[in-house]
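A.B. asks: Structure file structure.txt (compact mmCIF, C-alpha atoms and all ligand atoms) is given on the next line.
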# COMPACT_ATOMS: atom_id res chain seq x y z
CA MET A 12 -10.08 25.58 -2.78
CA PRO A 13 -10.29 23.49 0.39
CA THR A 14 -7.17 22.95 2.45
CA VAL A 15 -6.41 19.48 3.76
CA SER A 16 -4.03 18.54 6.58
CA MET A 17 -2.87 15.08 7.50
CA ASN A 18 0.15 13.26 8.84
CA VAL A 19 1.97 11.38 6.08
CA ASN A 20 4.83 9.04 6.98
CA GLY A 21 5.22 10.82 10.31
CA LYS A 22 5.24 14.36 8.89
CA ALA A 23 2.45 16.91 9.14
CA VAL A 24 1.46 18.07 5.66
CA THR A 25 -1.05 20.61 4.43
CA GLY A 26 -2.11 21.34 0.89
CA GLU A 27 -4.78 22.95 -1.21
CA VAL A 28 -6.93 20.48 -3.11
CA GLU A 29 -10.08 20.55 -5.17
CA SER A 30 -13.01 18.94 -3.42
CA ARG A 31 -12.88 16.15 -6.04
CA THR A 32 -9.12 15.47 -5.67
CA LEU A 33 -8.50 11.83 -4.85
CA LEU A 34 -6.16 10.90 -2.03
CA VAL A 35 -3.87 9.12 -4.48
CA GLN A 36 -3.61 12.31 -6.57
CA PHE A 37 -2.75 14.35 -3.50
CA LEU A 38 -0.05 11.85 -2.50
CA ARG A 39 1.47 11.53 -5.96
CA ASP A 40 0.97 14.94 -7.53
CA THR A 41 1.17 17.29 -4.56
CA LEU A 42 3.47 15.42 -2.18
CA ARG A 43 5.41 13.65 -5.00
CA LEU A 44 5.14 10.31 -3.19
CA THR A 45 5.06 8.38 -6.43
CA GLY A 46 5.61 4.96 -4.88
CA THR A 47 1.82 4.73 -4.57
CA HIS A 48 0.77 3.61 -8.04
CA VAL A 49 -2.37 4.00 -10.11
CA GLY A 50 -3.17 0.84 -11.99
CA CYS A 51 -6.86 1.14 -12.72
CA ASP A 52 -8.47 4.12 -10.97
CA THR A 53 -11.60 2.02 -10.49
CA SER A 54 -10.76 0.26 -7.20
CA GLN A 55 -9.91 -3.06 -8.87
CA CYS A 56 -6.13 -3.48 -8.68
CA GLY A 57 -4.83 -2.40 -5.26
CA ALA A 58 -1.70 -0.70 -6.65
CA CYS A 59 -2.75 2.47 -4.80
CA CYS A 60 -3.01 0.94 -1.31
CA VAL A 61 -1.85 3.06 1.60
CA THR A 62 -2.52 2.76 5.30
CA ILE A 63 -5.00 5.16 6.87
CA ASP A 64 -5.11 5.08 10.66
CA GLY A 65 -3.73 1.54 10.63
CA ASN A 66 -5.97 0.05 7.91
CA SER A 67 -4.98 -0.50 4.30
CA VAL A 68 -7.18 1.45 1.92
CA LYS A 69 -7.26 1.89 -1.84
CA SER A 70 -6.35 5.55 -2.11
CA CYS A 71 -8.12 5.90 -5.47
CA THR A 72 -11.41 5.26 -3.68
CA MET A 73 -11.08 8.12 -1.26
CA LEU A 74 -11.08 11.88 -1.58
CA ALA A 75 -8.12 13.77 -0.16
CA VAL A 76 -10.48 15.76 2.05
CA GLN A 77 -11.74 12.50 3.58
CA ALA A 78 -8.24 11.92 4.96
CA GLU A 79 -8.33 15.17 6.92
CA GLY A 80 -6.49 14.61 10.22
CA ALA A 81 -5.56 11.01 9.35
CA GLU A 82 -2.30 9.14 9.88
CA VAL A 83 -1.28 8.01 6.41
CA THR A 84 1.55 5.61 5.61
CA THR A 85 2.76 5.09 2.07
CA ILE A 86 5.39 2.68 0.82
CA GLU A 87 7.99 5.45 1.27
CA GLY A 88 7.25 5.49 4.99
CA LEU A 89 8.06 1.84 5.68
CA ALA A 90 11.82 1.70 5.43
CA ASP A 91 13.56 3.11 8.45
CA GLY A 92 17.17 3.05 7.27
CA ASP A 93 16.78 -0.65 6.52
CA LEU A 94 13.97 -2.10 4.48
CA HIS A 95 10.86 -3.18 6.38
CA PRO A 96 10.89 -6.97 6.99
CA MET A 97 8.01 -7.40 4.55
CA GLN A 98 9.95 -5.54 1.86
CA GLU A 99 12.98 -7.76 2.54
CA ALA A 100 10.78 -10.84 2.29
CA PHE A 101 9.47 -9.74 -1.13
CA ARG A 102 13.04 -9.19 -2.31
CA ASP A 103 14.35 -12.47 -0.89
CA ASN A 104 11.45 -14.58 -2.20
CA HIS A 105 11.32 -13.01 -5.66
CA GLY A 106 7.88 -11.63 -4.86
CA LEU A 107 8.16 -9.00 -7.57
CA GLN A 108 8.82 -8.92 -11.28
CA CYS A 109 8.08 -5.50 -12.81
CA GLY A 110 7.30 -4.18 -9.32
CA PHE A 111 4.24 -2.18 -10.31
CA CYS A 112 1.89 -3.96 -7.90
CA THR A 113 4.50 -4.32 -5.16
CA PRO A 114 3.90 -1.18 -3.05
CA GLY A 115 0.21 -2.04 -2.76
CA MET A 116 0.97 -5.72 -2.08
CA VAL A 117 3.44 -4.84 0.68
CA ILE A 118 1.09 -2.33 2.33
CA SER A 119 -1.79 -4.82 2.23
CA ALA A 120 0.39 -7.65 3.51
CA ILE A 121 1.57 -5.63 6.51
CA ASP A 122 -2.04 -4.82 7.37
CA LEU A 123 -2.91 -8.53 7.12
CA VAL A 124 -0.11 -9.47 9.51
CA ALA A 125 -1.15 -6.73 11.94
CA LYS A 126 -4.59 -8.35 12.09
CA ASN A 127 -3.53 -11.97 11.68
CA PRO A 128 0.12 -12.49 12.71
CA LYS A 129 0.33 -16.07 11.40
CA PRO A 130 -1.71 -16.13 8.20
CA SER A 131 -2.15 -19.41 6.33
CA GLU A 132 -1.67 -19.58 2.58
CA ALA A 133 -5.45 -19.49 2.21
CA ASP A 134 -5.67 -16.42 4.46
CA ILE A 135 -3.04 -14.65 2.36
CA ARG A 136 -4.71 -15.50 -0.94
CA GLU A 137 -8.09 -14.36 0.36
CA TRP A 138 -6.71 -11.10 1.82
CA LEU A 139 -4.86 -10.23 -1.37
CA GLU A 140 -7.89 -10.81 -3.60
CA GLY A 141 -8.12 -7.06 -4.12
CA ASN A 142 -4.50 -6.76 -5.23
CA ILE A 143 -3.80 -7.72 -8.81
CA CYS A 144 -0.36 -8.63 -10.16
CA ARG A 145 -0.27 -8.26 -13.92
CA CYS A 146 2.94 -10.30 -13.99
CA THR A 147 0.92 -13.07 -12.27
CA GLY A 148 3.63 -13.67 -9.68
CA TYR A 149 1.17 -14.85 -7.06
CA HIS A 150 3.02 -17.99 -6.02
CA ASN A 151 6.10 -16.06 -4.91
CA ILE A 152 4.02 -13.20 -3.50
CA VAL A 153 2.29 -15.65 -1.16
CA LYS A 154 5.66 -17.14 -0.18
CA ALA A 155 6.98 -13.63 0.47
CA VAL A 156 4.03 -12.68 2.67
CA LYS A 157 4.46 -15.88 4.71
CA ALA A 158 8.16 -15.12 5.18
CA GLY A 159 7.42 -11.48 5.94
CA ALA A 160 4.85 -12.47 8.56
CA ALA A 161 7.39 -14.77 10.22
CA ALA A 162 10.03 -12.04 10.18
CA MET A 163 7.64 -9.45 11.62
CA GLY A 164 6.84 -11.82 14.47
CA SER A 165 10.44 -12.53 15.34
FE1 LIG B 1 -6.68 2.14 -6.95
FE2 LIG B 1 -6.35 0.35 -8.92
S1 LIG B 1 -5.56 2.37 -8.78
S2 LIG B 1 -7.38 0.10 -7.00
FE1 LIG B 2 4.49 -6.80 -12.15
FE2 LIG B 2 3.06 -7.48 -10.00
S1 LIG B 2 5.21 -7.66 -10.29
S2 LIG B 2 2.42 -6.31 -11.69
The structure in this file should be written as structure tokens.
Ligand code: FES
Ligand code: FES

C.D. replies:
Amino acid sequence: MPTVSMNVNGKAVTGEVESRTLLVQFLRDTLRLTGTHVGCDTSQCGACCVTIDGNSVKSCTMLAVQAEGAEVTTIEGLADGDLHPMQEAFRDNHGLQCGFCTPGMVISAIDLVAKNPKPSEADIREWLEGNICRCTGYHNIVKAVKAGAAAMGS
């Protein structure tokens, strides 16, 4: 079986995978980082978003071996003692209901703000098109991302 090595949330990790193992399976099943969710497995929902070398990626669309040598950040890697400002903004603006979509929403939102520090509501809605909330909490999610962007800039 191939061996894959990458840096996940600041730690070097190595594991044996099958060549067909998806990155999300490696993160959840091998590393037990179960904050990255699987909502569809067909690249529709965005629940599996993680950051690879600074860009948010749907980890169900990528093989684990394709992340060889990459810097990977999952939702577990964001809080550094305190919650990340984007996580606080989701909490404070009621940007989550069941929470299933939230890790992917937060990861995507942070990537948006890295690329566009002051996103408009239209920018946020367009960016999050690939992230589906089955609780349909989009209004508060957009509010949360706006607040999170402001907090990240301060
Ligand atoms: Fe990856 Fe839905 S599980 S996009
Ligand atoms: Fe339930 Fe989004 S909060 S799926």

A.B. asks: Check every protein, DNA and RNA residue against ligand LIG 2 (chain B), keep those with an atom at most 7 Å away (counting only C-alpha atoms and all ligand atoms), and present them as a JSON list (two decimals) with C-alpha atoms, in the coordinates of the input.

C.D. replies:
[["chain", "number", "residue", "atom", "x", "y", "z"],
["A", 107, "LEU", "CA", 8.16, -9.00, -7.57],
["A", 108, "GLN", "CA", 8.82, -8.92, -11.28],
["A", 109, "CYS", "CA", 8.08, -5.50, -12.81],
["A", 110, "GLY", "CA", 7.30, -4.18, -9.32],
["A", 111, "PHE", "CA", 4.24, -2.18, -10.31],
["A", 112, "CYS", "CA", 1.89, -3.96, -7.90],
["A", 113, "THR", "CA", 4.50, -4.32, -5.16],
["A", 143, "ILE", "CA", -3.80, -7.72, -8.81],
["A", 144, "CYS", "CA", -0.36, -8.63, -10.16],
["A", 145, "ARG", "CA", -0.27, -8.26, -13.92],
["A", 146, "CYS", "CA", 2.94, -10.30, -13.99],
["A", 147, "THR", "CA", 0.92, -13.07, -12.27],
["A", 148, "GLY", "CA", 3.63, -13.67, -9.68]]

A.B. asks: One decimal, Å: what's the distance from atom CA of Gly164 of chain A over to atom CA of Val124 of chain A, could you say?

C.D. replies: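 For atom CA of Gly164 of chain A relative to atom CA of Val124 of chain A, the distance reads 8.9 Å.
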
A.B. asks: Could you give me the residues within 7 Å of ligand LIG 1 (chain B), counting all atoms listed in the file, as a list in words?

C.D. replies: His48, Val49, Gly50, Cys51, Asp52, Thr53, Ser54, Gln55, Cys56, Gly57, Ala58, Cys59, Cys60, Lys69, Ser70, Cys71 and Thr72 of chain A

A.B. asks: In Å, with one decimal, what is the gap from atom CA of Val76 of chain A to atom CA of Val19 of chain A?

C.D. replies: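 Interatomic distance here is 13.8 Å.
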
A.B. asks: Choose the residue, out of A:Ile118, A:Leu38, A:Val153, A:Ala160, that has the smallest atom-to-atom separation from Glu132 of chain A; count all atoms listed in the file.

C.D. replies: A:Val153

A.B. asks: I'd like to know which of A:Gly106, A:Pro114, A:Gly141, A:Gly92 is closest to Lys157 of chain A, using only C-alpha atoms.

C.D. replies: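 Closest to Lys157 of chain A of all the choices is A:Gly106.
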
A.B. asks: Report as a list in words all protein, DNA and RNA residues lying within 7 Å of segment 23-33 of chain A, evaluated on only C-alpha atoms, omitting residues in the same chain fewer than 4 positions from it.

C.D. replies: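 Surrounding residues, per the criterion: Met12, Pro13, Thr14, Val15, Ser16, Met17, Asn18, Val19, Phe37, Cys71, Met73, Leu74, Ala75 and Val76 of chain A.
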
A.B. asks: Give me the residues within 12 Å of Lys154 of chain A as a list in words, counting only C-alpha atoms and dropping any in the same chain fewer than 5 places off.

C.D. replies: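 So, after excluding close chain neighbours, the residues are Met97, Ala100, Phe101, Arg102, Asp103, Asn104, His105, Gly106, Leu107, Ala120, Pro130, Ser131, Glu132, Ala133, Ile135, Arg136, Gly148, Tyr149, Gly159, Ala160 and Ala161 of chain A.
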
A.B. asks: So how many Å separate atom CA of Asn142 of chain A and atom CA of Ser119 of chain A, to one decimal?

C.D. replies: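 Atom CA of Ser119 of chain A lies 8.2 Å from atom CA of Asn142 of chain A.
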
A.B. asks: If you keep all heavy atoms, can you output segment 107-119 of chain A as a tab-separated table (two decimals), in the first residue's frame?

C.D. replies:
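Writing the result to decode02.tsv gives the following:
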chain	number	residue	atom	x	y	z
A	107	LEU	N	-25.37	28.65	12.81
A	107	LEU	CA	-25.49	27.20	12.72
A	107	LEU	C	-26.73	26.73	13.44
A	107	LEU	O	-27.15	27.35	14.42
A	107	LEU	CB	-24.26	26.49	13.29
A	107	LEU	CG	-23.90	26.71	14.75
A	107	LEU	CD1	-23.22	25.48	15.29
A	107	LEU	CD2	-22.99	27.92	14.88
A	108	GLN	N	-27.30	25.67	12.91
A	108	GLN	CA	-28.45	25.03	13.57
A	108	GLN	C	-28.02	23.62	13.98
A	108	GLN	O	-27.56	23.42	15.09
A	108	GLN	CB	-29.66	25.07	12.63
A	108	GLN	CG	-30.11	26.51	12.41
A	108	GLN	CD	-31.23	26.63	11.41
A	108	GLN	OE1	-32.32	26.11	11.64
A	108	GLN	NE2	-30.98	27.31	10.31
A	109	CYS	N	-28.08	22.64	13.06
A	109	CYS	CA	-27.59	21.30	13.46
A	109	CYS	C	-26.06	21.26	13.47
A	109	CYS	O	-25.46	20.42	14.11
A	109	CYS	CB	-28.14	20.23	12.54
A	109	CYS	SG	-27.30	20.14	10.93
A	110	GLY	N	-25.43	22.15	12.73
A	110	GLY	CA	-23.97	22.23	12.73
A	110	GLY	C	-23.28	21.33	11.72
A	110	GLY	O	-22.05	21.36	11.62
A	111	PHE	N	-24.05	20.54	10.98
A	111	PHE	CA	-23.39	19.58	10.08
A	111	PHE	C	-22.58	20.27	8.99
A	111	PHE	O	-21.46	19.85	8.68
A	111	PHE	CB	-24.45	18.65	9.43
A	111	PHE	CG	-23.81	17.51	8.72
A	111	PHE	CD1	-23.45	16.36	9.42
A	111	PHE	CD2	-23.53	17.57	7.36
A	111	PHE	CE1	-22.82	15.30	8.77
A	111	PHE	CE2	-22.90	16.52	6.71
A	111	PHE	CZ	-22.55	15.38	7.42
A	112	CYS	N	-23.10	21.35	8.45
A	112	CYS	CA	-22.40	22.05	7.36
A	112	CYS	C	-21.33	23.00	7.87
A	112	CYS	O	-20.53	23.52	7.10
A	112	CYS	CB	-23.39	22.86	6.52
A	112	CYS	SG	-24.07	24.29	7.42
A	113	THR	N	-21.34	23.27	9.19
A	113	THR	CA	-20.57	24.38	9.73
A	113	THR	C	-19.06	24.28	9.52
A	113	THR	O	-18.42	25.28	9.14
A	113	THR	CB	-20.90	24.58	11.23
A	113	THR	OG1	-22.32	24.55	11.38
A	113	THR	CG2	-20.36	25.90	11.74
A	114	PRO	N	-18.43	23.12	9.75
A	114	PRO	CA	-16.98	23.08	9.53
A	114	PRO	C	-16.60	23.49	8.10
A	114	PRO	O	-15.66	24.28	7.91
A	114	PRO	CB	-16.62	21.62	9.80
A	114	PRO	CG	-17.69	21.14	10.74
A	114	PRO	CD	-18.93	21.85	10.30
A	115	GLY	N	-17.35	23.00	7.13
A	115	GLY	CA	-17.05	23.35	5.74
A	115	GLY	C	-17.33	24.82	5.46
A	115	GLY	O	-16.58	25.48	4.74
A	116	MET	N	-18.41	25.34	6.06
A	116	MET	CA	-18.74	26.77	5.87
A	116	MET	C	-17.63	27.64	6.45
A	116	MET	O	-17.21	28.62	5.81
A	116	MET	CB	-20.05	27.11	6.60
A	116	MET	CG	-21.30	26.52	6.01
A	116	MET	SD	-21.81	27.45	4.54
A	116	MET	CE	-23.33	26.56	4.14
A	117	VAL	N	-17.16	27.30	7.63
A	117	VAL	CA	-16.15	28.12	8.31
A	117	VAL	C	-14.83	28.07	7.52
A	117	VAL	O	-14.20	29.10	7.28
A	117	VAL	CB	-15.96	27.64	9.76
A	117	VAL	CG1	-14.73	28.26	10.40
A	117	VAL	CG2	-17.20	27.97	10.59
A	118	ILE	N	-14.45	26.88	7.08
A	118	ILE	CA	-13.20	26.76	6.31
A	118	ILE	C	-13.31	27.57	5.01
A	118	ILE	O	-12.39	28.31	4.64
A	118	ILE	CB	-12.91	25.27	6.00
A	118	ILE	CG1	-12.53	24.51	7.27
A	118	ILE	CG2	-11.87	25.12	4.89
A	118	ILE	CD1	-11.09	24.58	7.70
A	119	SER	N	-14.43	27.45	4.32
A	119	SER	CA	-14.61	28.20	3.07
A	119	SER	C	-14.62	29.70	3.32
A	119	SER	O	-14.04	30.48	2.55
A	119	SER	CB	-15.94	27.84	2.39
A	119	SER	OG	-15.90	26.54	1.93
